[in-house]
>>> print(open('my_file.cif').read())   # mmCIF, C-alpha atoms
data_model
#
loop_
_atom_site.label_atom_id
_atom_site.label_comp_id
_atom_site.auth_asym_id
_atom_site.auth_seq_id
_atom_site.Cartn_x
_atom_site.Cartn_y
_atom_site.Cartn_z
CA MET K 1 13.94 -13.84 101.77
CA ALA K 2 10.95 -13.30 104.07
CA ALA K 3 10.35 -17.08 104.10
CA CYS K 4 14.07 -17.67 104.66
CA ASN K 5 14.15 -15.25 107.59
CA ARG K 6 11.14 -17.00 109.14
CA THR K 7 12.96 -20.33 108.80
CA ILE K 8 16.09 -18.86 110.38
CA VAL K 9 14.16 -17.53 113.39
CA ALA K 10 12.20 -20.77 113.82
CA ARG K 11 15.31 -22.97 113.64
CA MET K 12 17.23 -20.78 116.08
CA ASP K 13 14.66 -21.61 118.75
CA SER K 14 15.63 -23.91 121.62
CA PRO K 15 14.35 -24.77 125.11
CA VAL K 16 17.80 -23.75 126.36
CA ALA K 17 17.08 -20.06 126.99
CA LEU K 18 20.55 -18.72 126.28
CA ILE K 19 20.48 -20.02 122.69
CA PRO K 20 17.48 -17.98 121.46
CA GLN K 21 18.69 -14.99 123.51
CA LEU K 22 22.05 -14.97 121.79
CA ALA K 23 20.41 -15.75 118.45
CA ALA K 24 18.05 -12.80 118.89
CA HIS K 25 21.08 -10.58 119.43
CA LEU K 26 22.46 -11.75 116.08
CA VAL K 27 19.15 -11.25 114.28
CA ALA K 28 18.81 -7.75 115.75
CA ALA K 29 22.24 -6.87 114.38
CA GLY K 30 20.88 -7.46 110.88
CA GLY K 31 23.52 -8.12 108.25
CA LYS K 32 23.45 -8.30 104.48
CA ARG K 33 22.09 -11.88 104.29
CA LEU K 34 23.99 -12.00 101.00
CA ARG K 35 24.82 -15.72 101.04
CA PRO K 36 21.24 -16.98 101.47
CA LEU K 37 20.07 -14.37 98.97
CA LEU K 38 22.48 -15.87 96.44
CA THR K 39 21.07 -19.37 97.02
CA LEU K 40 17.55 -18.09 96.36
CA ALA K 41 18.61 -16.09 93.30
CA ALA K 42 20.62 -18.99 91.84
CA ALA K 43 17.68 -21.38 92.24
CA ARG K 44 15.32 -18.90 90.59
CA LEU K 45 17.81 -18.25 87.77
CA CYS K 46 17.78 -22.01 87.15
CA GLY K 47 13.97 -22.14 87.08
CA TYR K 48 13.47 -24.00 90.36
CA GLU K 49 9.83 -24.49 91.33
CA LYS K 50 8.67 -25.68 94.74
CA ASP K 51 7.10 -29.12 95.00
CA PRO K 52 3.45 -28.45 95.99
CA ALA K 53 3.55 -31.43 98.35
CA SER K 54 6.50 -29.98 100.30
CA ALA K 55 5.90 -27.77 103.32
CA THR K 56 9.04 -25.69 102.76
CA ALA K 57 10.69 -24.90 99.46
CA ARG K 58 14.09 -26.57 99.21
CA HIS K 59 15.93 -23.41 98.23
CA VAL K 60 14.47 -21.55 101.23
CA ALA K 61 15.58 -24.23 103.71
CA LEU K 62 19.04 -24.45 102.12
CA ALA K 63 19.39 -20.66 102.12
CA ALA K 64 18.76 -20.77 105.89
CA CYS K 65 21.31 -23.58 106.15
CA VAL K 66 23.91 -21.43 104.38
CA GLU K 67 23.22 -18.53 106.74
CA PHE K 68 23.61 -20.81 109.78
CA ILE K 69 27.00 -22.00 108.54
CA HIS K 70 28.06 -18.39 107.98
CA THR K 71 26.77 -17.18 111.36
CA ALA K 72 28.43 -20.06 113.20
CA THR K 73 31.78 -19.12 111.66
CA LEU K 74 31.25 -15.46 112.64
CA LEU K 75 30.61 -16.43 116.26
CA HIS K 76 33.77 -18.52 116.35
CA ASP K 77 35.84 -15.91 114.48
CA ASP K 78 34.88 -13.12 116.86
CA VAL K 79 36.07 -15.23 119.77
CA VAL K 80 39.35 -16.10 118.06
CA ASP K 81 39.92 -12.47 116.99
CA GLU K 82 38.66 -11.01 120.31
CA SER K 83 36.40 -8.69 118.29
CA LEU K 84 34.16 -6.31 120.22
CA LEU K 85 31.95 -5.10 117.35
CA ARG K 86 29.87 -6.97 114.79
CA ARG K 87 27.61 -5.08 112.33
CA GLY K 88 27.86 -1.92 114.41
CA LEU K 89 26.73 -3.54 117.66
CA ALA K 90 28.60 -5.23 120.47
CA SER K 91 29.65 -8.69 119.28
CA ALA K 92 28.00 -11.73 120.85
CA ASN K 93 31.17 -12.68 122.69
CA ALA K 94 31.40 -9.16 124.15
CA VAL K 95 27.84 -9.46 125.49
CA PHE K 96 27.48 -13.14 126.36
CA GLY K 97 31.10 -14.26 126.74
CA ASN K 98 33.38 -16.52 124.74
CA LYS K 99 32.03 -19.83 126.02
CA ALA K 100 28.44 -19.07 125.08
CA SER K 101 29.48 -17.79 121.63
CA VAL K 102 31.48 -20.92 120.82
CA LEU K 103 28.74 -23.26 122.01
CA VAL K 104 25.94 -21.44 120.19
CA GLY K 105 28.13 -21.46 117.10
CA ASP K 106 28.31 -25.24 117.48
CA PHE K 107 24.51 -25.32 117.83
CA LEU K 108 24.09 -23.37 114.56
CA PHE K 109 26.45 -25.75 112.74
CA ALA K 110 24.33 -28.64 114.02
CA ARG K 111 21.14 -26.92 112.82
CA ALA K 112 22.75 -26.43 109.41
CA PHE K 113 23.47 -30.14 109.13
CA GLN K 114 19.93 -30.96 110.22
CA LEU K 115 18.63 -28.84 107.35
CA MET K 116 20.99 -30.61 104.94
CA THR K 117 19.80 -34.05 105.99
CA GLU K 118 16.15 -32.99 105.81
CA ASP K 119 16.74 -31.90 102.21
CA GLY K 120 17.75 -35.49 101.47
CA SER K 121 20.16 -34.81 98.60
CA LEU K 122 23.59 -36.37 98.99
CA ARG K 123 24.85 -33.95 96.35
CA VAL K 124 23.70 -30.94 98.37
CA MET K 125 25.19 -32.42 101.54
CA ALA K 126 28.50 -33.07 99.78
CA ILE K 127 28.71 -29.47 98.54
CA LEU K 128 27.79 -27.77 101.82
CA SER K 129 29.75 -30.10 104.11
CA ALA K 130 32.85 -29.69 101.91
CA ALA K 131 32.44 -25.92 102.10
CA SER K 132 32.19 -26.12 105.90
CA ALA K 133 35.46 -28.04 106.06
CA THR K 134 37.14 -25.60 103.67
CA ILE K 135 36.07 -22.64 105.82
CA ALA K 136 37.75 -24.21 108.84
CA GLU K 137 40.88 -24.91 106.79
CA GLY K 138 40.94 -21.30 105.61
CA GLU K 139 40.72 -19.98 109.16
CA VAL K 140 43.52 -22.30 110.34
CA LEU K 141 45.66 -21.29 107.34
CA GLN K 142 45.07 -17.62 108.20
CA MET K 143 46.24 -18.32 111.74
CA ALA K 144 49.35 -20.04 110.36
CA THR K 145 50.23 -17.04 108.17
CA GLN K 146 49.54 -14.46 110.86
CA ASN K 147 52.46 -12.05 111.49
CA ASP K 148 54.40 -13.51 108.52
CA LEU K 149 55.28 -10.85 105.95
CA SER K 150 56.96 -13.48 103.75
CA THR K 151 53.56 -15.02 103.00
CA PRO K 152 53.33 -15.54 99.22
CA MET K 153 50.40 -14.04 97.31
CA ASP K 154 49.13 -17.50 96.40
CA ARG K 155 48.96 -18.46 100.07
CA TYR K 156 47.01 -15.30 100.90
CA LEU K 157 44.56 -16.06 98.08
CA ASP K 158 44.18 -19.60 99.46
CA VAL K 159 43.23 -18.09 102.82
CA ILE K 160 40.49 -15.85 101.42
CA HIS K 161 39.19 -18.61 99.17
CA GLY K 162 38.84 -20.86 102.21
CA LYS K 163 37.44 -18.40 104.75
CA THR K 164 35.01 -16.63 102.39
CA ALA K 165 34.77 -17.67 98.75
CA ALA K 166 34.09 -21.37 99.36
CA LEU K 167 30.74 -20.70 101.05
CA PHE K 168 29.74 -18.15 98.38
CA ALA K 169 30.46 -20.82 95.75
CA ALA K 170 28.50 -23.52 97.58
CA ALA K 171 25.57 -21.17 98.24
CA CYS K 172 25.23 -20.54 94.51
CA GLN K 173 25.96 -24.09 93.36
CA VAL K 174 23.20 -25.70 95.43
CA GLY K 175 20.70 -23.40 93.68
CA ALA K 176 21.44 -25.24 90.44
CA VAL K 177 21.37 -28.63 92.16
CA VAL K 178 17.87 -28.23 93.61
CA ALA K 179 16.65 -27.12 90.17
CA GLY K 180 18.12 -30.25 88.58
CA ARG K 181 20.16 -28.27 86.08
CA PRO K 182 23.02 -29.74 84.00
CA GLU K 183 26.62 -29.70 85.20
CA ARG K 184 27.51 -26.77 82.93
CA GLU K 185 25.11 -24.47 84.78
CA GLU K 186 26.07 -25.87 88.18
CA LEU K 187 29.75 -25.16 87.52
CA ALA K 188 28.94 -21.68 86.16
CA LEU K 189 27.15 -20.77 89.38
CA GLU K 190 29.96 -22.24 91.46
CA ALA K 191 32.43 -20.06 89.52
CA TYR K 192 30.19 -17.02 89.95
CA GLY K 193 30.01 -17.52 93.71
CA ASP K 194 33.72 -18.27 94.08
CA ASN K 195 34.80 -15.15 92.18
CA LEU K 196 32.21 -13.03 93.97
CA GLY K 197 33.48 -14.29 97.33
CA MET K 198 37.09 -13.51 96.41
CA ALA K 199 36.12 -9.96 95.42
CA PHE K 200 34.05 -9.57 98.59
CA GLN K 201 36.92 -10.57 100.91
CA LEU K 202 39.49 -8.45 99.07
CA VAL K 203 37.24 -5.42 99.57
CA ASP K 204 36.77 -6.36 103.24
CA ASP K 205 40.55 -6.42 103.63
CA ALA K 206 40.83 -3.01 101.96
CA LEU K 207 38.08 -1.53 104.14
CA ASP K 208 39.98 -2.45 107.31
CA TYR K 209 42.48 0.26 106.35
CA ALA K 210 40.27 2.69 104.45
CA ALA K 211 36.71 2.64 105.81
CA ASP K 212 34.68 4.92 108.01
CA GLN K 213 34.20 2.90 111.22
CA ALA K 214 30.59 4.04 111.76
CA GLU K 215 29.67 2.95 108.22
CA LEU K 216 31.73 -0.25 108.31
CA GLY K 217 29.98 -1.55 111.44
CA LYS K 218 33.10 -3.06 112.96
CA THR K 219 36.35 -1.72 114.34
CA VAL K 220 38.68 -0.31 111.68
CA GLY K 221 42.22 -1.65 112.06
CA ASP K 222 41.32 -5.01 113.58
CA ASP K 223 43.39 -6.85 110.96
CA PHE K 224 46.34 -4.56 111.72
CA ARG K 225 46.16 -5.08 115.47
CA GLU K 226 45.88 -8.86 115.02
CA GLY K 227 48.83 -9.00 112.63
CA LYS K 228 46.75 -10.49 109.82
CA ILE K 229 48.43 -10.73 106.45
CA THR K 230 46.18 -9.09 103.87
CA LEU K 231 46.80 -7.68 100.41
CA PRO K 232 46.98 -4.00 101.51
CA VAL K 233 49.83 -4.92 103.87
CA LEU K 234 51.60 -7.19 101.38
CA ALA K 235 51.37 -4.52 98.66
CA ALA K 236 52.60 -1.71 100.92
CA TYR K 237 55.41 -3.86 102.32
CA GLY K 238 56.50 -5.00 98.86
CA ALA K 239 56.57 -1.45 97.48
CA GLY K 240 58.08 0.18 100.58
CA ASP K 241 61.62 1.39 101.17
CA GLU K 242 63.76 -0.10 103.92
CA THR K 243 62.47 2.33 106.56
CA GLU K 244 58.88 1.42 105.71
CA ARG K 245 59.68 -2.29 105.71
CA ALA K 246 61.29 -1.98 109.14
CA PHE K 247 58.07 -0.38 110.37
CA TRP K 248 55.97 -3.25 108.99
CA ARG K 249 58.28 -5.85 110.52
CA ARG K 250 57.98 -4.18 113.92
CA VAL K 251 54.19 -3.81 113.95
CA ILE K 252 53.23 -7.02 112.12
CA GLU K 253 55.95 -9.60 112.70
CA LEU K 254 57.00 -8.46 116.18
CA SER K 255 53.53 -7.17 117.21
CA ARG K 256 55.11 -4.11 118.83
CA GLN K 257 52.51 -1.39 118.28
CA ASP K 258 51.64 1.90 119.92
CA HIS K 259 48.58 4.12 119.56
CA THR K 260 50.02 6.06 116.58
CA ASP K 261 50.99 3.05 114.47
CA LEU K 262 47.61 2.40 112.82
CA ASP K 263 47.48 5.94 111.44
CA HIS K 264 51.04 5.57 110.15
CA ALA K 265 50.22 2.19 108.60
CA MET K 266 47.21 3.70 106.83
CA ALA K 267 49.38 6.55 105.56
CA LEU K 268 51.96 4.13 104.15
CA ILE K 269 49.21 2.05 102.54
CA ALA K 270 47.83 5.20 100.90
CA ARG K 271 51.31 6.35 99.81
CA ARG K 272 52.02 3.05 98.07
CA GLY K 273 48.60 2.78 96.43
CA ALA K 274 47.93 -0.50 98.22
CA ILE K 275 44.19 0.07 98.50
CA GLU K 276 43.88 0.62 94.76
CA THR K 277 46.05 -2.47 94.16
CA THR K 278 43.65 -4.49 96.30
CA LEU K 279 40.53 -3.05 94.69
CA GLU K 280 41.93 -3.63 91.20
CA ARG K 281 42.32 -7.32 91.96
CA ALA K 282 38.81 -7.33 93.44
CA ARG K 283 37.49 -5.80 90.20
CA HIS K 284 39.14 -8.61 88.27
CA TYR K 285 37.28 -11.22 90.33
CA ALA K 286 34.01 -9.28 90.15
CA THR K 287 34.22 -9.17 86.35
CA ALA K 288 34.96 -12.90 86.25
CA ALA K 289 31.90 -13.51 88.44
CA ARG K 290 29.65 -11.55 86.11
CA ASP K 291 31.10 -13.27 83.04
CA ALA K 292 30.46 -16.72 84.55
CA LEU K 293 26.72 -16.05 84.26
CA CYS K 294 26.90 -15.84 80.46
CA VAL K 295 25.85 -19.49 80.14
CA PHE K 296 22.36 -18.40 81.23
CA PRO K 297 19.91 -16.58 78.95
CA GLU K 298 19.77 -12.81 79.29
CA SER K 299 17.26 -11.81 81.97
CA ARG K 300 16.65 -9.16 84.60
CA LEU K 301 17.75 -11.58 87.35
CA ARG K 302 21.00 -12.38 85.54
CA ARG K 303 21.72 -8.66 85.21
CA LEU K 304 20.97 -8.11 88.90
CA MET K 305 23.33 -10.90 89.92
CA GLY K 306 26.00 -9.39 87.70
CA ASP K 307 25.36 -6.00 89.29
CA ILE K 308 25.85 -7.52 92.76
CA ALA K 309 29.35 -8.58 91.72
CA LEU K 310 30.23 -5.09 90.51
CA TYR K 311 28.62 -3.43 93.55
CA THR K 312 30.79 -5.55 95.84
CA VAL K 313 33.85 -3.57 94.78
CA SER K 314 32.28 -0.16 95.48
CA ARG K 315 30.62 -0.89 98.83
CA GLY K 316 31.59 0.90 102.01
CA ARG K 317 30.72 -1.85 104.51
#
>>> encode(input="my_file.cif", output="structure tokens")
Amino acid sequence: MAACNRTIVARMDSPVALIPQLAAHLVAAGGKRLRPLLTLAAARLCGYEKDPASATARHVALAACVEFIHTATLLHDDVVDESLLRRGLASANAVFGNKASVLVGDFLFARAFQLMTEDGSLRVMAILSAASATIAEGEVLQMATQNDLSTPMDRYLDVIHGKTAALFAAACQVGAVVAGRPEREELALEAYGDNLGMAFQLVDDALDYAADQAELGKTVGDDFREGKITLPVLAAYGAGDETERAFWRRVIELSRQDHTDLDHAMALIARRGAIETTLERARHYATAARDALCVFPESRLRRLMGDIALYTVSRGR
């Protein structure tokens, strides 16, 4: 990870001063770096060893590539969602403006594709470029379902697969590719990442209605204010009586909200057990992620990767 972070900082550099300034703001905000960590762990699990003739290990460069894709999507998402906080600090768009955030996001996407081409593997490029397209599709699908309480569960799951799980899956899968492992192991790591990503996003959606804002590092209730359709809302709406449903239609479908409505929404979600419903589904995906690793021999690293999946469901941010 230290080598990956050095690569990230080096590749964020540019003679255009605003780019490294905004990038430095993102680096200072920290973040879990979970996606690049998964690329490194997957490659190590598969026994990848760096070519002595190569200046940079492939899995390190591709881990940085994965983080650039993720960070670019965050920059764009914060503009679309008009978010003011990211990882407990003012978001880049709040500090530098929407135009700069969108353009630096484009720069990071371009850097990601430079790293892919430098790797030289068409298989790696196919996996990561497909994930990039799927992320965009997931975000557009989320926009299309916004404010629509009739959204089916399958459509909601398609949204979170696209916006989150696809990159988790790709981040893990390329670890097997660089190690030259057989398809069985490649598909196992893809399944691990996909299920982990689904669990991760389900928990994120639960935390928007149940977290401590200082611990979460972003504004609680953002999904509510934006009318996003998430499992806590779908579960509470589906289990609610007609009075409760009328409330949800007013605040989500009609976007007519006042300053007391978030607290009332959280109370209804708690009354109908919607957080536990969401976390139970997340636990299902987390268990599936851990089980996908069973094709690999028992090892400390395999256990740690399984533990990451289970930890995802109990995290507070």
>>> residues_around(input="my_file.cif", residues="stretch 281-286 of chain K", least_positions_apart="4", cutoff="6 Å", atoms="all atoms listed in the file", output="number ranges by chain")
K: 195-196, 199, 202, 309-310
>>> closest_atom_pairs(input="my_file.cif", of="stretch 220-305 of chain K", to="stretch 35-51 of chain K", cutoff="10 Å", atoms="all atoms listed in the file", output="Markdown table")
| residue | atom | partner | partner_atom | distance |
| --- | --- | --- | --- | --- |
| K:Leu293 | CA | K:Leu45 | CA | 9.8 |
| K:Phe296 | CA | K:Leu45 | CA | 8.0 |
| K:Pro297 | CA | K:Leu45 | CA | 9.2 |
| K:Ser299 | CA | K:Leu45 | CA | 8.7 |
| K:Arg300 | CA | K:Leu45 | CA | 9.7 |
| K:Leu301 | CA | K:Leu45 | CA | 6.7 |
| K:Arg302 | CA | K:Leu45 | CA | 7.0 |
| K:Leu304 | CA | K:Ala41 | CA | 9.4 |
| K:Met305 | CA | K:Ala41 | CA | 7.8 |
>>> closest_residue(input="my_file.cif", among="K:Ala179, K:Leu141, K:Leu84, K:Leu108", to="K:Arg155", atoms="all atoms listed in the file")
K:Leu141
>>> atom_distance(input="my_file.cif", atom1="atom CA of K:Leu207", atom2="atom CA of K:Ala166")
20.8 Å
>>> closest_residue(input="my_file.cif", among="K:Gly306, K:Gly221, K:Gly240, K:Gly120", to="K:Thr287", atoms="only C-alpha atoms")
K:Gly306
>>> atom_distance(input="my_file.cif", atom1="atom CA of K:Leu62", atom2="atom CA of K:Leu187")
18.1 Å
>>> atom_distance(input="my_file.cif", atom1="atom CA of K:Arg256", atom2="atom CA of K:Val140")
23.2 Å
>>> resolve_selection(input="my_file.cif", expression="the PyMOL selection byres ((chain K and resi 131-133) around 10)", output="list in words")
Val66, Ile69, His70, Thr73, Phe109, Met125, Ala126, Ile127, Leu128, Ser129, Ala130, Thr134, Ile135, Ala136, Glu137, Gly138, Gly162, Lys163, Thr164, Ala165, Ala166, Leu167, Phe168, Ala169, Ala170 and Ala171 of chain K
>>> closest_residue(input="my_file.cif", among="K:Asn147, K:Gln201, K:Thr277, K:Thr117", to="K:Arg250", atoms="only C-alpha atoms")
K:Asn147
>>> residues_around(input="my_file.cif", residues="K:Asp261", least_positions_apart="4", cutoff="10 Å", atoms="all atoms listed in the file", output="ChimeraX atom specification")
/K:224-225,247-248,251,256-257,265-267
>>> write_last_selection(input="my_file.cif", atoms="C-alpha atoms", output="PDB file, keeping the file's coordinate frame")
ATOM      1  CA  PHE K 224      46.340  -4.560 111.720  1.00  0.00           C
ATOM      2  CA  ARG K 225      46.160  -5.080 115.470  1.00  0.00           C
ATOM      3  CA  PHE K 247      58.070  -0.380 110.370  1.00  0.00           C
ATOM      4  CA  TRP K 248      55.970  -3.250 108.990  1.00  0.00           C
ATOM      5  CA  VAL K 251      54.190  -3.810 113.950  1.00  0.00           C
ATOM      6  CA  ARG K 256      55.110  -4.110 118.830  1.00  0.00           C
ATOM      7  CA  GLN K 257      52.510  -1.390 118.280  1.00  0.00           C
ATOM      8  CA  ALA K 265      50.220   2.190 108.600  1.00  0.00           C
ATOM      9  CA  MET K 266      47.210   3.700 106.830  1.00  0.00           C
ATOM     10  CA  ALA K 267      49.380   6.550 105.560  1.00  0.00           C
TER      11      ALA K 267
END
>>> resolve_selection(input="my_file.cif", expression="the PyMOL selection byres ((chain K and resi 101-104) around 9)", output="list in words")
Leu18, Ile19, Leu22, Ala23, Ala72, Leu75, His76, Asp78, Val79, Ala92, Asn93, Phe96, Gly97, Asn98, Lys99, Ala100, Gly105, Asp106, Phe107, Leu108 and Phe109 of chain K
>>> resolve_selection(input="my_file.cif", expression="the PyMOL selection byres ((chain K and resi 268) around 10)", output="ChimeraX atom specification")
/K:232-233,236-237,239-240,244,247-248,262-267,269-274
>>> axis_aligned_box(input="my_file.cif", around="stretch 77-95 of chain K", padding_each_side="3 Å", output="lines of an AutoDock Vina configuration file")
center_x = 33.3
center_y = -9.0
center_z = 118.9
size_x = 19.2
size_y = 20.2
size_z = 19.2
>>> closest_residue(input="my_file.cif", among="K:Arg58, K:Ser121, K:Ala64, K:Arg111", to="K:Asp13", atoms="only C-alpha atoms")
K:Arg111
